[in-house]
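To be precise, the following lines are work_4.cif, and they hold mmCIF, C-alpha atoms.
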data_query
loop_
_atom_site.label_atom_id
_atom_site.label_comp_id
_atom_site.auth_asym_id
_atom_site.auth_seq_id
_atom_site.Cartn_x
_atom_site.Cartn_y
_atom_site.Cartn_z
CA MET A 1 240.55 -16.32 254.25
CA THR A 2 239.34 -17.47 250.82
CA SER A 3 241.70 -19.90 249.10
CA PRO A 4 242.61 -19.48 245.40
CA ARG A 5 240.59 -22.63 244.67
CA ASP A 6 237.52 -21.23 246.49
CA ALA A 7 237.87 -17.93 244.71
CA ALA A 8 238.08 -19.69 241.34
CA SER A 9 235.03 -21.81 242.20
CA ALA A 10 233.09 -18.70 243.15
CA ASP A 11 233.60 -17.29 239.65
CA ILE A 12 232.64 -20.42 237.71
CA LEU A 13 228.84 -20.35 237.98
CA PRO A 14 228.25 -16.67 237.08
CA ALA A 15 230.70 -17.09 234.19
CA LEU A 16 228.91 -20.22 233.02
CA VAL A 17 225.55 -18.44 233.02
CA ALA A 18 227.02 -15.44 231.19
CA ALA A 19 228.59 -17.72 228.58
CA ALA A 20 225.26 -19.48 227.99
CA LEU A 21 223.51 -16.15 227.39
CA LYS A 22 226.27 -15.06 225.04
CA ALA A 23 225.92 -18.35 223.12
CA GLY A 24 222.24 -17.70 222.45
CA ALA A 25 220.29 -18.82 225.51
CA ASP A 26 217.45 -16.58 226.64
CA ALA A 27 217.91 -17.66 230.26
CA ALA A 28 220.13 -20.05 232.19
CA GLU A 29 220.88 -21.47 235.61
CA ALA A 30 224.03 -23.17 236.86
CA VAL A 31 224.43 -25.50 239.84
CA SER A 32 227.57 -26.69 241.59
CA SER A 33 227.87 -29.54 244.05
CA GLU A 34 230.94 -30.37 246.12
CA ARG A 35 231.03 -33.43 248.34
CA ALA A 36 233.63 -35.14 250.50
CA SER A 37 232.88 -38.30 252.45
CA LEU A 38 234.65 -41.03 254.37
CA SER A 39 232.95 -44.26 255.39
CA VAL A 40 234.25 -47.32 257.22
CA GLY A 41 232.70 -50.74 257.71
CA VAL A 42 233.66 -53.53 260.10
CA ARG A 43 232.50 -57.09 260.55
CA ASN A 44 233.29 -59.24 263.57
CA GLY A 45 235.65 -56.57 264.85
CA ALA A 46 237.77 -56.57 261.68
CA LEU A 47 237.99 -53.78 259.13
CA GLU A 48 235.91 -54.70 256.09
CA ASP A 49 235.92 -51.63 253.85
CA VAL A 50 237.00 -48.02 253.67
CA GLU A 51 235.57 -45.66 251.07
CA ARG A 52 236.58 -42.07 250.45
CA GLU A 53 234.85 -39.79 247.96
CA GLU A 54 235.68 -36.31 246.78
CA SER A 55 233.65 -34.84 243.95
CA ARG A 56 233.03 -31.47 242.32
CA ASP A 57 230.29 -31.32 239.71
CA LEU A 58 228.55 -28.73 237.57
CA GLY A 59 225.09 -28.62 236.06
CA LEU A 60 223.77 -26.17 233.48
CA ARG A 61 220.18 -25.66 232.34
CA VAL A 62 219.46 -23.30 229.45
CA PHE A 63 216.27 -21.97 227.90
CA ILE A 64 215.60 -20.81 224.36
CA GLY A 65 212.04 -19.61 224.33
CA LYS A 66 210.04 -22.50 225.79
CA ARG A 67 212.69 -25.06 224.91
CA GLN A 68 215.15 -26.27 227.55
CA ALA A 69 218.13 -28.57 227.93
CA THR A 70 220.36 -29.63 230.81
CA VAL A 71 223.93 -30.91 230.87
CA SER A 72 226.38 -31.79 233.64
CA ALA A 73 230.08 -32.50 234.08
CA SER A 74 232.59 -33.41 236.76
CA ASP A 75 235.49 -31.78 234.93
CA LEU A 76 235.57 -28.10 235.85
CA SER A 77 238.26 -27.07 233.35
CA GLU A 78 237.65 -24.07 231.12
CA ALA A 79 237.63 -26.24 227.99
CA THR A 80 234.98 -28.54 229.44
CA ARG A 81 232.86 -25.61 230.55
CA SER A 82 232.96 -24.19 227.02
CA ARG A 83 231.83 -27.53 225.58
CA LEU A 84 229.12 -27.72 228.24
CA VAL A 85 227.68 -24.38 227.15
CA GLU A 86 227.93 -25.22 223.46
CA ARG A 87 226.23 -28.58 223.93
CA ALA A 88 223.45 -27.24 226.15
CA VAL A 89 222.50 -24.45 223.75
CA ALA A 90 222.58 -26.80 220.76
CA MET A 91 220.36 -29.32 222.59
CA ALA A 92 217.88 -26.62 223.62
CA ARG A 93 217.46 -25.47 220.02
CA LEU A 94 216.40 -29.02 219.08
CA ALA A 95 214.26 -29.76 222.14
CA PRO A 96 210.46 -29.83 221.94
CA GLU A 97 208.64 -26.84 223.34
CA ASP A 98 207.38 -27.04 226.90
CA PRO A 99 204.81 -24.32 227.62
CA TYR A 100 205.67 -24.40 231.32
CA ALA A 101 209.47 -24.32 231.03
CA GLY A 102 211.37 -21.42 232.52
CA LEU A 103 213.17 -20.08 235.53
CA ALA A 104 211.22 -19.50 238.72
CA PRO A 105 209.30 -16.20 238.69
CA GLN A 106 211.54 -13.45 239.97
CA ASP A 107 209.03 -12.29 242.58
CA ARG A 108 209.12 -15.76 244.19
CA LEU A 109 212.89 -15.84 244.69
CA ALA A 110 214.51 -15.94 248.12
CA HIS A 111 216.66 -12.99 249.11
CA GLY A 112 219.68 -13.01 251.37
CA PRO A 113 221.12 -12.82 253.84
CA PHE A 114 219.84 -16.33 254.44
CA ALA A 115 219.12 -17.69 257.90
CA ASP A 116 221.87 -19.68 259.61
CA LEU A 117 220.30 -23.13 260.06
CA ASP A 118 223.38 -24.60 261.79
CA LEU A 119 223.78 -27.31 259.13
CA PHE A 120 227.56 -27.55 259.24
CA ASP A 121 229.73 -29.02 261.99
CA PRO A 122 233.48 -28.60 261.34
CA SER A 123 234.27 -31.68 263.45
CA GLU A 124 236.02 -34.42 261.53
CA ARG A 125 236.35 -38.14 262.16
CA SER A 126 239.39 -39.97 260.89
CA ALA A 127 239.19 -43.46 259.40
CA ALA A 128 240.53 -44.83 262.67
CA GLU A 129 237.84 -43.04 264.67
CA LEU A 130 235.10 -44.26 262.33
CA GLU A 131 236.44 -47.80 262.57
CA ALA A 132 236.49 -47.61 266.36
CA ALA A 133 232.90 -46.34 266.50
CA SER A 134 231.72 -49.06 264.11
CA ALA A 135 233.49 -51.75 266.12
CA GLU A 136 232.09 -50.44 269.41
CA ALA A 137 228.53 -50.45 268.06
CA GLU A 138 228.96 -53.95 266.68
CA ALA A 139 230.45 -55.24 269.92
CA ALA A 140 227.56 -53.78 271.93
CA ALA A 141 225.06 -55.49 269.62
CA LEU A 142 226.87 -58.85 269.75
CA ALA A 143 226.95 -58.65 273.56
CA VAL A 144 223.14 -58.86 273.72
CA ASP A 145 222.12 -62.36 274.79
CA GLY A 146 220.58 -64.20 271.83
CA VAL A 147 222.47 -62.38 269.06
CA ALA A 148 224.21 -64.99 266.90
CA LYS A 149 226.14 -63.09 264.26
CA SER A 150 226.90 -59.68 262.85
CA GLU A 151 225.96 -58.16 259.52
CA GLY A 152 228.49 -55.42 260.18
CA GLY A 153 228.86 -51.99 261.66
CA HIS A 154 229.23 -48.87 259.55
CA ALA A 155 230.15 -45.25 260.25
CA SER A 156 230.56 -42.26 257.98
CA HIS A 157 231.28 -38.53 257.89
CA SER A 158 230.51 -36.24 254.95
CA THR A 159 230.41 -32.58 254.01
CA SER A 160 228.67 -30.93 251.07
CA ARG A 161 228.35 -27.55 249.43
CA TRP A 162 225.54 -26.62 247.01
CA ARG A 163 225.16 -23.41 245.04
CA LEU A 164 222.66 -22.11 242.49
CA VAL A 165 223.14 -19.10 240.21
CA THR A 166 220.54 -17.91 237.69
CA SER A 167 220.50 -15.37 234.91
CA HIS A 168 217.69 -13.42 236.58
CA GLY A 169 219.70 -12.57 239.66
CA PHE A 170 219.55 -15.41 242.16
CA ASP A 171 222.78 -16.52 243.83
CA GLY A 172 222.52 -18.77 246.88
CA ALA A 173 224.62 -21.42 248.58
CA TYR A 174 224.69 -23.52 251.71
CA HIS A 175 227.11 -25.86 253.43
CA GLY A 176 226.19 -29.02 255.33
CA SER A 177 227.68 -31.96 257.19
CA ALA A 178 226.44 -35.40 258.20
CA PHE A 179 227.60 -38.02 260.68
CA SER A 180 226.14 -41.51 260.71
CA LEU A 181 226.53 -44.77 262.60
CA GLY A 182 224.69 -48.04 262.21
CA VAL A 183 224.89 -51.77 262.84
CA GLY A 184 222.96 -54.86 261.82
CA VAL A 185 222.91 -58.25 263.57
CA ILE A 186 221.12 -61.59 263.42
CA ALA A 187 219.54 -63.29 266.41
CA GLU A 188 218.77 -67.00 266.42
CA GLN A 189 216.28 -69.16 268.30
CA ASP A 190 215.54 -72.82 267.56
CA GLY A 191 217.36 -72.57 264.25
CA VAL A 192 215.27 -69.63 263.05
CA MET A 193 217.08 -66.35 262.47
CA GLU A 194 215.78 -62.79 262.65
CA ARG A 195 217.48 -59.56 261.64
CA GLY A 196 217.62 -56.38 263.66
CA GLY A 197 219.51 -53.15 263.32
CA GLU A 198 219.76 -49.48 264.12
CA HIS A 199 221.07 -46.52 262.15
CA ARG A 200 221.27 -42.86 263.05
CA ALA A 201 222.38 -39.80 261.08
CA THR A 202 222.79 -36.23 262.33
CA ARG A 203 224.14 -32.91 261.11
CA HIS A 204 226.37 -32.48 264.19
CA LEU A 205 228.60 -35.09 265.74
CA SER A 206 227.47 -34.13 269.23
CA ASP A 207 223.88 -35.09 268.35
CA LEU A 208 224.80 -38.62 267.30
CA PRO A 209 223.84 -41.22 269.95
CA SER A 210 226.68 -43.23 271.46
CA ALA A 211 227.97 -46.31 269.68
CA GLU A 212 227.10 -48.43 272.71
CA SER A 213 223.45 -47.29 272.74
CA ILE A 214 223.05 -47.81 268.99
CA GLY A 215 224.56 -51.30 269.16
CA ALA A 216 222.61 -52.38 272.23
CA PHE A 217 219.35 -51.23 270.67
CA ALA A 218 220.10 -53.14 267.45
CA GLY A 219 220.81 -56.31 269.43
CA ARG A 220 217.64 -56.03 271.49
CA ARG A 221 215.64 -55.34 268.33
CA ALA A 222 216.87 -58.55 266.70
CA VAL A 223 216.34 -60.73 269.78
CA ALA A 224 212.80 -59.41 270.30
CA ARG A 225 211.83 -60.71 266.86
CA THR A 226 212.86 -64.31 267.50
CA GLY A 227 210.17 -66.93 267.95
CA ALA A 228 207.84 -65.16 265.51
CA ARG A 229 204.51 -66.81 264.76
CA LYS A 230 202.10 -66.58 261.88
CA ILE A 231 198.57 -65.43 262.56
CA ALA A 232 195.28 -66.16 260.85
CA SER A 233 193.75 -63.55 258.54
CA THR A 234 191.60 -61.13 260.49
CA THR A 235 190.54 -57.52 260.92
CA ALA A 236 191.97 -55.87 264.02
CA PRO A 237 193.46 -52.63 265.37
CA VAL A 238 196.91 -51.95 263.96
CA ILE A 239 199.62 -49.65 265.32
CA PHE A 240 202.52 -48.54 263.13
CA GLU A 241 205.54 -47.89 265.35
CA ASN A 242 207.01 -44.40 264.97
CA ARG A 243 210.04 -45.76 263.08
CA VAL A 244 207.84 -47.08 260.26
CA ALA A 245 204.76 -44.86 260.55
CA THR A 246 205.98 -42.45 257.85
CA GLN A 247 205.62 -45.26 255.31
CA VAL A 248 201.85 -45.26 255.70
CA LEU A 249 201.83 -41.46 255.37
CA SER A 250 204.29 -41.08 252.48
CA PRO A 251 201.68 -41.86 249.76
CA LEU A 252 199.99 -38.61 250.80
CA LEU A 253 203.03 -36.66 249.61
CA GLY A 254 202.96 -38.19 246.15
CA ALA A 255 199.20 -37.65 246.00
CA VAL A 256 199.51 -33.90 246.70
CA SER A 257 202.55 -33.24 244.50
CA GLY A 258 201.89 -30.73 241.76
CA PRO A 259 203.00 -32.95 238.87
CA SER A 260 200.58 -35.70 239.99
CA ILE A 261 197.74 -33.21 240.30
CA ALA A 262 198.53 -31.71 236.89
CA ARG A 263 198.48 -35.18 235.31
CA GLY A 264 195.24 -36.05 237.09
CA THR A 265 196.74 -39.27 238.48
CA SER A 266 196.24 -38.59 242.19
CA PHE A 267 193.58 -40.12 244.42
CA LEU A 268 193.49 -36.80 246.29
CA LYS A 269 193.13 -34.58 243.23
CA ASP A 270 189.68 -33.34 244.35
CA ARG A 271 190.45 -32.97 248.07
CA LEU A 272 192.16 -29.56 248.34
CA GLY A 273 190.51 -27.62 251.17
CA GLN A 274 188.84 -30.78 252.46
CA PRO A 275 189.62 -33.13 255.36
CA VAL A 276 192.14 -35.88 254.59
CA LEU A 277 193.26 -36.59 258.19
CA PRO A 278 191.25 -36.51 261.43
CA LYS A 279 190.33 -33.17 262.97
CA GLY A 280 193.11 -31.93 265.23
CA VAL A 281 195.88 -33.61 263.19
CA SER A 282 198.41 -31.47 261.30
CA LEU A 283 201.28 -32.30 258.95
CA ILE A 284 204.01 -29.66 259.12
CA ASP A 285 206.84 -28.94 256.68
CA ASP A 286 209.56 -26.84 258.31
CA PRO A 287 212.62 -25.98 256.19
CA PHE A 288 214.06 -23.84 259.00
CA ARG A 289 214.48 -26.43 261.73
CA PRO A 290 218.04 -25.96 263.09
CA ARG A 291 220.31 -28.90 262.26
CA GLY A 292 217.48 -30.58 260.34
CA LEU A 293 218.49 -33.16 257.75
CA GLY A 294 216.05 -31.56 255.29
CA SER A 295 216.62 -27.92 256.25
CA THR A 296 217.34 -25.40 253.51
CA PRO A 297 217.28 -21.60 253.13
CA PHE A 298 215.68 -21.85 249.65
CA ASP A 299 214.40 -24.53 247.31
CA ASP A 300 216.27 -25.93 244.32
CA GLU A 301 214.93 -23.24 241.99
CA GLY A 302 215.95 -20.46 244.38
CA VAL A 303 212.35 -19.92 245.52
CA ALA A 304 211.75 -18.70 249.08
CA VAL A 305 210.68 -21.45 251.49
CA THR A 306 208.29 -21.16 254.43
CA ARG A 307 207.09 -23.26 257.33
CA GLN A 308 203.78 -24.66 256.14
CA ALA A 309 200.98 -26.83 257.48
CA ILE A 310 200.36 -29.06 254.46
CA VAL A 311 197.49 -30.53 256.44
CA ASP A 312 196.07 -28.18 259.08
CA ASP A 313 193.58 -29.50 261.64
CA GLY A 314 192.92 -32.41 259.28
CA VAL A 315 192.33 -30.24 256.19
CA LEU A 316 194.56 -30.39 253.09
CA THR A 317 195.72 -26.78 252.56
CA THR A 318 198.08 -26.91 249.57
CA TRP A 319 199.65 -28.88 246.77
CA LEU A 320 203.44 -29.30 246.73
CA LEU A 321 204.51 -27.13 243.82
CA ASN A 322 207.63 -26.30 241.87
CA SER A 323 207.47 -23.56 239.26
CA PRO A 324 206.52 -25.72 236.22
CA ALA A 325 203.71 -27.49 238.10
CA ALA A 326 202.51 -24.19 239.54
CA ALA A 327 202.41 -22.64 236.06
CA GLN A 328 200.47 -25.60 234.71
CA LEU A 329 197.91 -25.33 237.50
CA GLY A 330 197.69 -21.54 237.43
CA LEU A 331 199.14 -21.28 240.93
CA ALA A 332 202.35 -20.07 242.60
CA SER A 333 205.29 -22.23 243.63
CA THR A 334 205.19 -23.36 247.25
CA GLY A 335 208.99 -23.62 247.47
CA HIS A 336 209.15 -27.39 247.04
CA ALA A 337 211.33 -27.69 243.94
CA SER A 338 213.96 -30.43 244.10
CA ARG A 339 216.61 -31.16 241.51
CA GLY A 340 219.97 -32.67 240.89
CA LEU A 341 222.67 -31.41 238.56
CA ALA A 342 220.83 -32.49 235.43
CA GLY A 343 217.19 -32.49 234.46
CA PRO A 344 214.27 -30.22 235.25
CA PRO A 345 213.09 -29.85 238.84
CA GLY A 346 210.94 -32.34 240.67
CA VAL A 347 209.05 -31.89 243.93
CA SER A 348 210.12 -32.70 247.49
CA THR A 349 209.34 -31.66 251.05
CA HIS A 350 211.96 -30.40 253.53
CA ASN A 351 211.60 -31.36 257.23
CA LEU A 352 208.20 -32.97 257.45
CA HIS A 353 206.54 -34.16 260.64
CA LEU A 354 203.12 -35.20 261.87
CA GLU A 355 202.29 -33.40 265.09
CA PRO A 356 202.02 -35.76 268.07
CA GLY A 357 198.93 -36.79 269.99
CA GLU A 358 198.46 -37.38 273.71
CA GLN A 359 199.16 -41.09 274.32
CA ASP A 360 202.49 -42.91 274.23
CA LEU A 361 202.87 -46.29 272.57
CA ASP A 362 201.72 -48.15 275.68
CA GLY A 363 198.70 -45.89 275.80
CA LEU A 364 197.82 -46.65 272.18
CA MET A 365 198.06 -50.39 272.83
CA ALA A 366 195.92 -50.03 275.93
CA GLU A 367 193.29 -48.13 273.92
CA ALA A 368 193.32 -50.75 271.15
CA GLY A 369 193.23 -53.70 273.56
CA THR A 370 194.18 -56.47 271.14
CA GLY A 371 195.85 -56.05 267.77
CA LEU A 372 199.04 -55.79 265.74
CA LEU A 373 202.07 -53.57 266.42
CA ILE A 374 204.04 -53.16 263.18
CA THR A 375 207.79 -52.59 263.56
CA SER A 376 209.01 -53.54 260.08
CA MET A 377 207.55 -53.05 256.62
CA PHE A 378 208.56 -54.08 253.12
CA GLY A 379 207.20 -54.07 249.58
CA PRO A 380 204.41 -51.48 249.95
CA SER A 381 202.09 -51.29 246.96
CA LEU A 382 199.88 -48.34 246.03
CA ASN A 383 197.24 -47.73 243.37
CA ALA A 384 197.84 -44.02 242.80
CA ASN A 385 194.45 -43.52 241.18
CA ASN A 386 192.27 -44.78 244.03
CA GLY A 387 194.59 -45.00 247.08
CA ASP A 388 194.30 -48.75 247.65
CA TRP A 389 197.42 -49.74 249.61
CA SER A 390 199.06 -52.88 250.98
CA ALA A 391 202.39 -53.85 252.54
CA GLY A 392 204.21 -56.85 253.91
CA VAL A 393 204.89 -56.36 257.62
CA SER A 394 206.19 -57.97 260.78
CA GLY A 395 206.02 -56.96 264.41
CA PHE A 396 204.17 -58.06 267.55
CA TRP A 397 200.71 -59.24 268.46
CA PHE A 398 199.46 -57.60 271.63
CA GLU A 399 196.60 -58.56 273.92
CA ASN A 400 195.03 -56.55 276.75
CA GLY A 401 197.37 -53.74 275.79
CA VAL A 402 200.53 -55.82 276.34
CA ILE A 403 202.86 -57.37 273.77
CA ALA A 404 202.20 -61.13 273.60
CA TRP A 405 204.51 -62.52 270.89
CA PRO A 406 206.32 -61.55 267.66
CA VAL A 407 204.61 -62.16 264.31
CA SER A 408 205.87 -62.29 260.74
CA GLU A 409 204.88 -63.09 257.15
CA ILE A 410 201.72 -61.01 257.18
CA THR A 411 200.21 -58.32 255.00
CA VAL A 412 198.05 -55.32 255.89
CA ALA A 413 195.86 -53.54 253.36
CA GLY A 414 193.20 -50.89 253.02
CA ALA A 415 192.00 -47.75 251.27
CA LEU A 416 194.24 -44.96 252.51
CA LYS A 417 191.54 -42.29 252.50
CA ASP A 418 189.50 -44.45 254.88
CA LEU A 419 192.50 -45.45 257.01
CA TRP A 420 193.78 -41.89 257.41
CA ALA A 421 190.31 -40.70 258.47
CA ARG A 422 190.48 -43.06 261.50
CA MET A 423 194.11 -42.40 262.44
CA VAL A 424 195.11 -41.72 266.06
CA PRO A 425 198.64 -40.25 266.47
CA GLY A 426 200.69 -41.16 269.53
CA SER A 427 202.87 -38.82 271.56
CA ASP A 428 206.21 -40.50 270.72
CA LEU A 429 207.39 -38.18 267.95
CA GLU A 430 211.19 -38.34 267.45
CA PHE A 431 213.14 -36.20 265.00
CA ARG A 432 215.34 -38.85 263.41
CA GLY A 433 215.31 -37.88 259.73
CA SER A 434 213.71 -35.46 257.29
CA PHE A 435 210.26 -37.11 257.68
CA ASN A 436 209.09 -38.02 261.17
CA SER A 437 205.89 -39.29 262.73
CA PRO A 438 204.70 -40.57 266.08
CA SER A 439 203.27 -44.08 266.27
CA LEU A 440 199.88 -44.31 264.54
CA LEU A 441 196.84 -46.35 265.62
CA PHE A 442 194.17 -47.46 263.15
CA ASP A 443 191.10 -49.05 264.70
CA ALA A 444 190.33 -51.76 262.11
CA VAL A 445 192.69 -52.91 259.36
CA ALA A 446 192.52 -55.98 257.12
CA ILE A 447 195.34 -58.38 258.04
CA ALA A 448 196.23 -61.28 255.75
CA GLY A 449 198.05 -64.09 257.55
CA LYS A 450 198.34 -67.83 257.10
#

Can the structure in the file be given as structure tokens, please?
Amino acid sequence: MTSPRDAASADILPALVAAALKAGADAAEAVSSERASLSVGVRNGALEDVEREESRDLGLRVFIGKRQATVSASDLSEATRSRLVERAVAMARLAPEDPYAGLAPQDRLAHGPFADLDLFDPSERSAAELEAASAEAEAAALAVDGVAKSEGGHASHSTSRWRLVTSHGFDGAYHGSAFSLGVGVIAEQDGVMERGGEHRATRHLSDLPSAESIGAFAGRRAVARTGARKIASTTAPVIFENRVATQVLSPLLGAVSGPSIARGTSFLKDRLGQPVLPKGVSLIDDPFRPRGLGSTPFDDEGVAVTRQAIVDDGVLTTWLLNSPAAAQLGLASTGHASRGLAGPPGVSTHNLHLEPGEQDLDGLMAEAGTGLLITSMFGPSLNANNGDWSAGVSGFWFENGVIAWPVSEITVAGALKDLWARMVPGSDLEFRGSFNSPSLLFDAVAIAGK
């Protein structure tokens, strides 16, 4: 049964769009976002914080010719909605013209009924249950021999609803949930401390790993890093563990985004239809993966989404386009618009993954022989014009295919176009987030050490 509040909410967006048109807008779109979340943190077995959030927000974008303006509000009262419309239309009349501004082309819009992607789990976790899970994960981490202290355990549960209504006939909504659990600890050896942690988030509670397994993994991760050494600068094979491998791939996404291509600021701007990864390697974006953290039945302009190989058999097949970037480039939107309540759309992928290879992590180390296994990365730096890249890292030195000792305070660097061309994916792909990759082996990377 629909509650009076739900029924009232259902009428707000179409009414807001109609009011904007009546006030002088040529076109308009309205967005609503509803979120409820509960999070609990513990430290040393004691409750440290409890946070509860409930929010309902509106966003309105209006167009007058090629001028546009956006406004947002968290007050859904009729008086506020009237002021929202008045302000948006007045701002649009004064805005500079944007030749590419406008709603998504009508022939690109998604049409319902939309696929059920199983994004919502009605299960709920009380504050007491979240506290118990956090404490259990922390206790499991502290029980690992060598762990000295806790940085805290944290658990949360949230639900969200998102809806988009446009003046040219689109009306779509979806409902999602998320459950998360994480813990961080510090291990100590000879007075030197190393951090380790683990965090998982899933759409369904039943998919979340146990608190004991999350905590134990975090503890082992911290202890394994103790006794780290520095190494001399060298060039050697480098493997990026699957948990950090996406960070060496993520610059590719910025480099193929439509706005970057339109501005001419991408180091891949001339590579469409050409190899950017080794033959046999594909990068897949799948908005329809059931229970995926990035799954969606349509993009944030209401455009239909599809499963796409952004890189197919090593070849770059497409740019990532929203409607404005597509218009600027004389192309069609690829269904990758992303936006909040205010502002024009940006560009984002959905559920992205690099397809796995044939060897597991041990197999990659055996193939490399001697080199560096990277398990943590910080401060990556990228020259967007030429693809030169560097990052601070830590991990393990391995010899004869076997881990020898932990290493820290080192930097790896290289030209991404050259690195990607020599990339060997492992078989250890795990779907942990909205962007996932197996471990990646590069045969020769510049390593700056002591």

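Once Asp299 in chain A and its same-chain neighbours fewer than 4 positions away are set aside, Val303, Ala304, Val305, Gly335, His336, Ala337 and Ser338 of chain A remain within 8 Å of it when counting all atoms listed in the file.
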
Residues from the last selection, C-alpha atoms, saved as a PDB file, in the frame of the given file:
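Once everything was written out, this is out05.pdb:
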ATOM      1  CA  VAL A 303     212.350 -19.920 245.520  1.00  0.00           C
ATOM      2  CA  ALA A 304     211.750 -18.700 249.080  1.00  0.00           C
ATOM      3  CA  VAL A 305     210.680 -21.450 251.490  1.00  0.00           C
ATOM      4  CA  GLY A 335     208.990 -23.620 247.470  1.00  0.00           C
ATOM      5  CA  HIS A 336     209.150 -27.390 247.040  1.00  0.00           C
ATOM      6  CA  ALA A 337     211.330 -27.690 243.940  1.00  0.00           C
ATOM      7  CA  SER A 338     213.960 -30.430 244.100  1.00  0.00           C
TER       8      SER A 338
END

Exercise for review: Would you mind listing what lies within 10 Å of range 184-189 of chain A as a PyMOL selection string, with only C-alpha atoms counted and same-chain residues fewer than 6 positions away left out?
Suggested key: chain A and resi 43+137-138+141-142+144-154+195-199+215+218-228

Check your understanding: If you apply the PyMOL selection byres ((chain A and resi 235) around 6) to this file, what residues do you get, as a PyMOL selection string?
Key -> chain A and resi 234+236+444-447

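Ranking A:Gly449, A:Gly414, A:Gly363, A:Gly369 by their shortest atom-to-atom distance to Val393 in chain A, with all atoms listed in the file included, puts A:Gly449 first.
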
Exercise for review: Write out as a VMD selection string the residues lying within 9 Å of Ile284 in chain A, counting all atoms listed in the file and excluding same-chain residues fewer than 6 positions away.
Suggested key: chain A and resid 307 to 312 351 to 355

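When CA of Gly357 in chain A is paired with CA of Leu253 in chain A, their separation reads 20.8 Å.
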
Exercise for review: Tell me which residues the PyMOL selection byres ((chain A and resi 314) around 9) grabs here, as a VMD selection string.
Suggested key: chain A and resid 274 to 283 311 to 313 315 to 316 421

Include C-alpha atoms and write out the residues we just selected as a PDB file, in the frame of the given file.
ATOM      1  CA  GLN A 274     188.840 -30.780 252.460  1.00  0.00           C
ATOM      2  CA  PRO A 275     189.620 -33.130 255.360  1.00  0.00           C
ATOM      3  CA  VAL A 276     192.140 -35.880 254.590  1.00  0.00           C
ATOM      4  CA  LEU A 277     193.260 -36.590 258.190  1.00  0.00           C
ATOM      5  CA  PRO A 278     191.250 -36.510 261.430  1.00  0.00           C
ATOM      6  CA  LYS A 279     190.330 -33.170 262.970  1.00  0.00           C
ATOM      7  CA  GLY A 280     193.110 -31.930 265.230  1.00  0.00           C
ATOM      8  CA  VAL A 281     195.880 -33.610 263.190  1.00  0.00           C
ATOM      9  CA  SER A 282     198.410 -31.470 261.300  1.00  0.00           C
ATOM     10  CA  LEU A 283     201.280 -32.300 258.950  1.00  0.00           C
ATOM     11  CA  VAL A 311     197.490 -30.530 256.440  1.00  0.00           C
ATOM     12  CA  ASP A 312     196.070 -28.180 259.080  1.00  0.00           C
ATOM     13  CA  ASP A 313     193.580 -29.500 261.640  1.00  0.00           C
ATOM     14  CA  VAL A 315     192.330 -30.240 256.190  1.00  0.00           C
ATOM     15  CA  LEU A 316     194.560 -30.390 253.090  1.00  0.00           C
ATOM     16  CA  ALA A 421     190.310 -40.700 258.470  1.00  0.00           C
TER      17      ALA A 421
END

Per-axis box centre and lengths in Å around range 391-394 of chain A, 6 Å margin per side, axis-aligned, as lines of an AutoDock Vina configuration file:
center_x = 204.3
center_y = -55.9
center_z = 256.7
size_x = 15.8
size_y = 16.1
size_z = 20.2

Check your understanding: What is the CA of Leu268 in chain A-CA of Val248 in chain A distance in Å, reported with one decimal?
Key -> 15.2 Å

**Study point:** Chain and number of each residue from the PyMOL selection byres ((chain A and resi 321) around 7), as a VMD selection string
**Key:** chain A and resid 257 to 258 319 to 320 322 to 323 325 to 326 333 to 337 347

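The interatomic distance for the pair CA of Leu16 in chain A and CA of Ala30 in chain A works out to 6.9 Å.
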
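When all atoms listed in the file are used to compute distances to Tyr100 in chain A, the closest of the residues A:Ser260, A:Val244, A:Val192, A:Ala327 turns out to be A:Ala327.
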